[in-house]
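A.B. asks: Dumping the structure here so I can ask a few things about it.
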Amino acid sequence: MIVYILKRLAIAIPTLLVLIIASFLLMHTAPGGPFTSERAVPPEVLANLNAKYGLDQPLWKQIATYLWNVVAHFDFGPSFSYKDRSVNDIIAQGFPVTLTYGFLSFIAAVLVGVTLGVTAAIKRNSWLDYLAVGISIGAQVLPNFVMAPILVLIFTLSLHWLPGGGWSFDDPRFWIMPVIALSTSYMASIARITRSSMLETLSSNHIRTARAKGLPKRKIIMRHALKPALLPVISYLGPAFVSMITGSVIVDVYFTTGGIGKSFVDSALNRDYAVMMGITILLGTLTILFNLVVDIVYGWIDPKIRY
Amino acid sequence: MVIDESKMTSLAEATSREDVAGRSLWADARRRFFNNKAAIFGLGLLAFVVAFALFGNLIAAWNNSDIDYKVMGDATASAPSFANGHYFGADDLGRDLFARTVQGTQISLLVGVIGTLIAVSVGTVYGAISGYFGGRVDGFMMRLVDILLAIPYMFVLILLLVMYGRSIGMLFVGVGLISWLEMARIVRGQTLTLKNRDYVEAARAIGVPAPTIIRRHILPNLVGVVVVFATLLVPLMILTESFISFLGLGVQEPQTSLGALISEGAGTMSYGTLWQLAFPLFFFVTTLFGFYFVGDGLRDALDPKER
């Protein structure tokens, strides 16, 4: 097991380094520098500015410095468009919000999706099954940026039940629409995957044996069927996590929740490369760590994985 | 020797009859596909959307860039009506929404198809090379794919778009370049099984060089998998493009796409101009449904075991 985890780590760490170096090089080769503006800056001033921010150093040294600051101090440097704020300040302000509704969405997607999928598989060809299949087909064409306006249309503009945007940590009414908008399509995918793998598991030999020796149905499902049936779901969680992180940008922008997604889009429009890179690296790191956890859980559950 | 007259004539008949044409794989697949109601329905949806994109401008009463000052800024006057030629109403700048939706559908379809073509060509070649050569080459090439897959590509794509200009060409290339990874994996897996077939071994035995074997014997046998995957990739491309355009980072005015139109519609729906959301959304959902149904149908038709 330890060897397996080490092997996974041996992939995760280079991935992280590639991500950081690649985005740094991207930023470096981008046309225009941070001090390019309409007003010409005297060359002496520009040289001073470059020296202050270390931009006169050779490229490898700049990369090394950036890497060191990021890895050792979690310091993404100053923002290019806000004088008094560092990238860290911007992330610290928005990240808790994104993390809160992101976590809730993830839990909701997994719990509801698995329950729906398992129920649909057990009661195959019942109205419940058709409902679950119908939802999962429908949700494929309703990504978060389509769900968000529709939800606002229903719950805010028509029913006046929920606030159409904003965020408060104390008032769960602000959380409902972001969570629904973000989780629906993943919930549907998880339900579909669970259903088909559960159906496959239920027709396998070890379940037939369990049924033959007279175990109650509930016990068969909880003890014998659920674990193998969840393996495909677990391997879907990695990609789902990535697209949920991506989807949080839509939620932040559309519901003005004040999360880091909004900062990312703003910095993209302002060409604030430092903030963009900081957020990309942060979310990339999260993704890689999450994939690592998924891999370890998978190896722990599936005895067929050799490590 | 007595010759049995009747036996001889039946033999003569049998030999003169034309050979019964064996059903080829493709004929079989075609039959299965056309027996699949959902796939036919999907094909119908796609035909409708493509016809709308190609010929919509012929029946549009307005140009997509002309501003109708009579309805501009007037929520009730810009509602859909046949009297003033705005079949789908007008947008908040007084432009005809029908013509705009035609334009948006064109761009979205174009992004989907071109992005898929790029992804398919890069992914197929990469996967075929990696799978055919195997060993250390394969290990290295697939490790690279693993690393790239773990990166939240949407952020990198936005980073690219911002740094190198938000042109439509960049969008096509960017969307295509980030989605060849899955394709490469699938093609590699298929190649691994193909390369041990007898005919490949025979070709290798008579000294056919590797690039020729890949081109003549491996690639043609990959067509089925590639076609299925490509059909399912198109809606993903459209989704990605719409996602970016929804954030205002993709297609720029005066160009538009379904995502950009949905974004505009979502922004103005609180003024009661619901048609600005409904019509683009309808075509968006129809397109996605069409591609998903056709893709599923193709998969069932070409790979009957997978059901």
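Identifiers for the structure tokens are assigned positionally: chains receive A, B, ... in sequence, residues are indexed from 1 per chain, and ligands are indexed from 1 in the order shown.
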Chain A near chain B within 8 Å: what's each residue's closest atom pair and its distance in Å to one decimal, counting only C-alpha atoms, ordered by chain then ascending residue number, as JSON lines?

C.D. replies:
```
{"residue": "A:Ile11", "atom": "CA", "partner": "B:Ile147", "partner_atom": "CA", "distance": 7.4}
{"residue": "A:Ala12", "atom": "CA", "partner": "B:Ile147", "partner_atom": "CA", "distance": 7.8}
{"residue": "A:Thr15", "atom": "CA", "partner": "B:Ile147", "partner_atom": "CA", "distance": 5.3}
{"residue": "A:Leu19", "atom": "CA", "partner": "B:Ile151", "partner_atom": "CA", "distance": 7.2}
{"residue": "A:Ser23", "atom": "CA", "partner": "B:Val156", "partner_atom": "CA", "distance": 7.8}
{"residue": "A:Leu26", "atom": "CA", "partner": "B:Leu160", "partner_atom": "CA", "distance": 7.7}
{"residue": "A:Met27", "atom": "CA", "partner": "B:Met163", "partner_atom": "CA", "distance": 7.5}
{"residue": "A:Ala30", "atom": "CA", "partner": "B:Met163", "partner_atom": "CA", "distance": 5.3}
{"residue": "A:Pro31", "atom": "CA", "partner": "B:Met163", "partner_atom": "CA", "distance": 7.0}
{"residue": "A:Val141", "atom": "CA", "partner": "B:Val285", "partner_atom": "CA", "distance": 5.8}
{"residue": "A:Leu142", "atom": "CA", "partner": "B:Val285", "partner_atom": "CA", "distance": 7.6}
{"residue": "A:Pro143", "atom": "CA", "partner": "B:Leu239", "partner_atom": "CA", "distance": 7.9}
{"residue": "A:Phe145", "atom": "CA", "partner": "B:Phe243", "partner_atom": "CA", "distance": 6.9}
{"residue": "A:Val146", "atom": "CA", "partner": "B:Ile262", "partner_atom": "CA", "distance": 7.8}
{"residue": "A:Pro149", "atom": "CA", "partner": "B:Ala266", "partner_atom": "CA", "distance": 5.5}
{"residue": "A:Leu153", "atom": "CA", "partner": "B:Met269", "partner_atom": "CA", "distance": 7.7}
{"residue": "A:Leu157", "atom": "CA", "partner": "B:Ser270", "partner_atom": "CA", "distance": 6.9}
{"residue": "A:Val242", "atom": "CA", "partner": "B:Pro152", "partner_atom": "CA", "distance": 5.9}
{"residue": "A:Ser243", "atom": "CA", "partner": "B:Pro152", "partner_atom": "CA", "distance": 7.7}
{"residue": "A:Thr246", "atom": "CA", "partner": "B:Met154", "partner_atom": "CA", "distance": 6.6}
{"residue": "A:Ile250", "atom": "CA", "partner": "B:Leu247", "partner_atom": "CA", "distance": 7.1}
{"residue": "A:Val253", "atom": "CA", "partner": "B:Leu247", "partner_atom": "CA", "distance": 7.6}
{"residue": "A:Val265", "atom": "CA", "partner": "B:Leu247", "partner_atom": "CA", "distance": 7.4}
{"residue": "A:Ala268", "atom": "CA", "partner": "B:Val162", "partner_atom": "CA", "distance": 6.1}
{"residue": "A:Leu269", "atom": "CA", "partner": "B:Val162", "partner_atom": "CA", "distance": 7.5}
{"residue": "A:Arg271", "atom": "CA", "partner": "B:Val162", "partner_atom": "CA", "distance": 6.9}
{"residue": "A:Met276", "atom": "CA", "partner": "B:Leu159", "partner_atom": "CA", "distance": 7.2}
{"residue": "A:Thr280", "atom": "CA", "partner": "B:Phe155", "partner_atom": "CA", "distance": 6.1}
{"residue": "A:Leu283", "atom": "CA", "partner": "B:Pro152", "partner_atom": "CA", "distance": 7.4}
{"residue": "A:Gly284", "atom": "CA", "partner": "B:Ile151", "partner_atom": "CA", "distance": 5.6}
{"residue": "A:Thr287", "atom": "CA", "partner": "B:Ala150", "partner_atom": "CA", "distance": 6.8}
{"residue": "A:Ile288", "atom": "CA", "partner": "B:Ala150", "partner_atom": "CA", "distance": 6.0}
{"residue": "A:Asn291", "atom": "CA", "partner": "B:Ala150", "partner_atom": "CA", "distance": 7.6}
```

A.B. asks: Report as a list of chain:residue names all protein, DNA and RNA residues lying within 6 Å of stretch 216-232 of chain B, evaluated on only C-alpha atoms, omitting residues in the same chain fewer than 6 positions from it.

C.D. replies: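 Using only C-alpha atoms, the neighbours found are B:Gly295, B:Leu298, B:Arg299.
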
A.B. asks: Given the selection you just returned, output its residues as a file containing C-alpha atoms, formatted as a compact mmCIF listing (two decimals), in the first residue's frame.

C.D. replies:
```txt
# COMPACT_ATOMS: atom_id res chain seq x y z
CA GLY B 295 -23.54 9.35 -30.58
CA LEU B 298 -23.61 4.97 -33.19
CA ARG B 299 -21.97 3.39 -30.18
```

A.B. asks: Write out as a list in words each polymer residue whose atoms come within 9 Å of B:Ser245, counting only C-alpha atoms; drop sequence neighbours fewer than 4 positions from it.

C.D. replies: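 Once the adjacent positions are removed, what remains is Thr240, Glu241, Leu249, Gly250, Val251, Gln252, Thr256, Ser257, Leu258, Gly259, Ala260, Leu261 and Ser263 of chain B.
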
A.B. asks: List every residue of stretch 110-285 of chain B that DSSP, applied to the backbone of this structure, assigns to alpha helix (DSSP H), and report them as number ranges by chain.

C.D. replies: B: 110-133, 135-149, 153-163, 168-177, 180-194, 198-205, 210-213, 219-246, 258-268, 275-285

A.B. asks: For A:Trp167, list every protein, DNA or RNA residue within 8 Å, evaluated using only C-alpha atoms, and leave out those in the same chain fewer than 6 positions away; present the list as a list of chain:residue names.

C.D. replies: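 Returned residues: A:Val97, A:Phe174, A:Trp175, A:Thr256, A:Thr257, A:Gly258.
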
A.B. asks: How would the residues just picked look written out with C-alpha atoms as a CSV table (one decimal), in the first residue's frame?

C.D. replies:
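Dumped everything to out.csv:
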```csv
chain,number,residue,atom,x,y,z
A,97,VAL,CA,-17.0,31.0,-0.2
A,174,PHE,CA,-28.1,32.1,-0.3
A,175,TRP,CA,-26.5,28.7,-0.6
A,256,THR,CA,-22.2,37.2,-7.4
A,257,THR,CA,-21.2,35.0,-4.5
A,258,GLY,CA,-17.8,36.7,-4.3
```
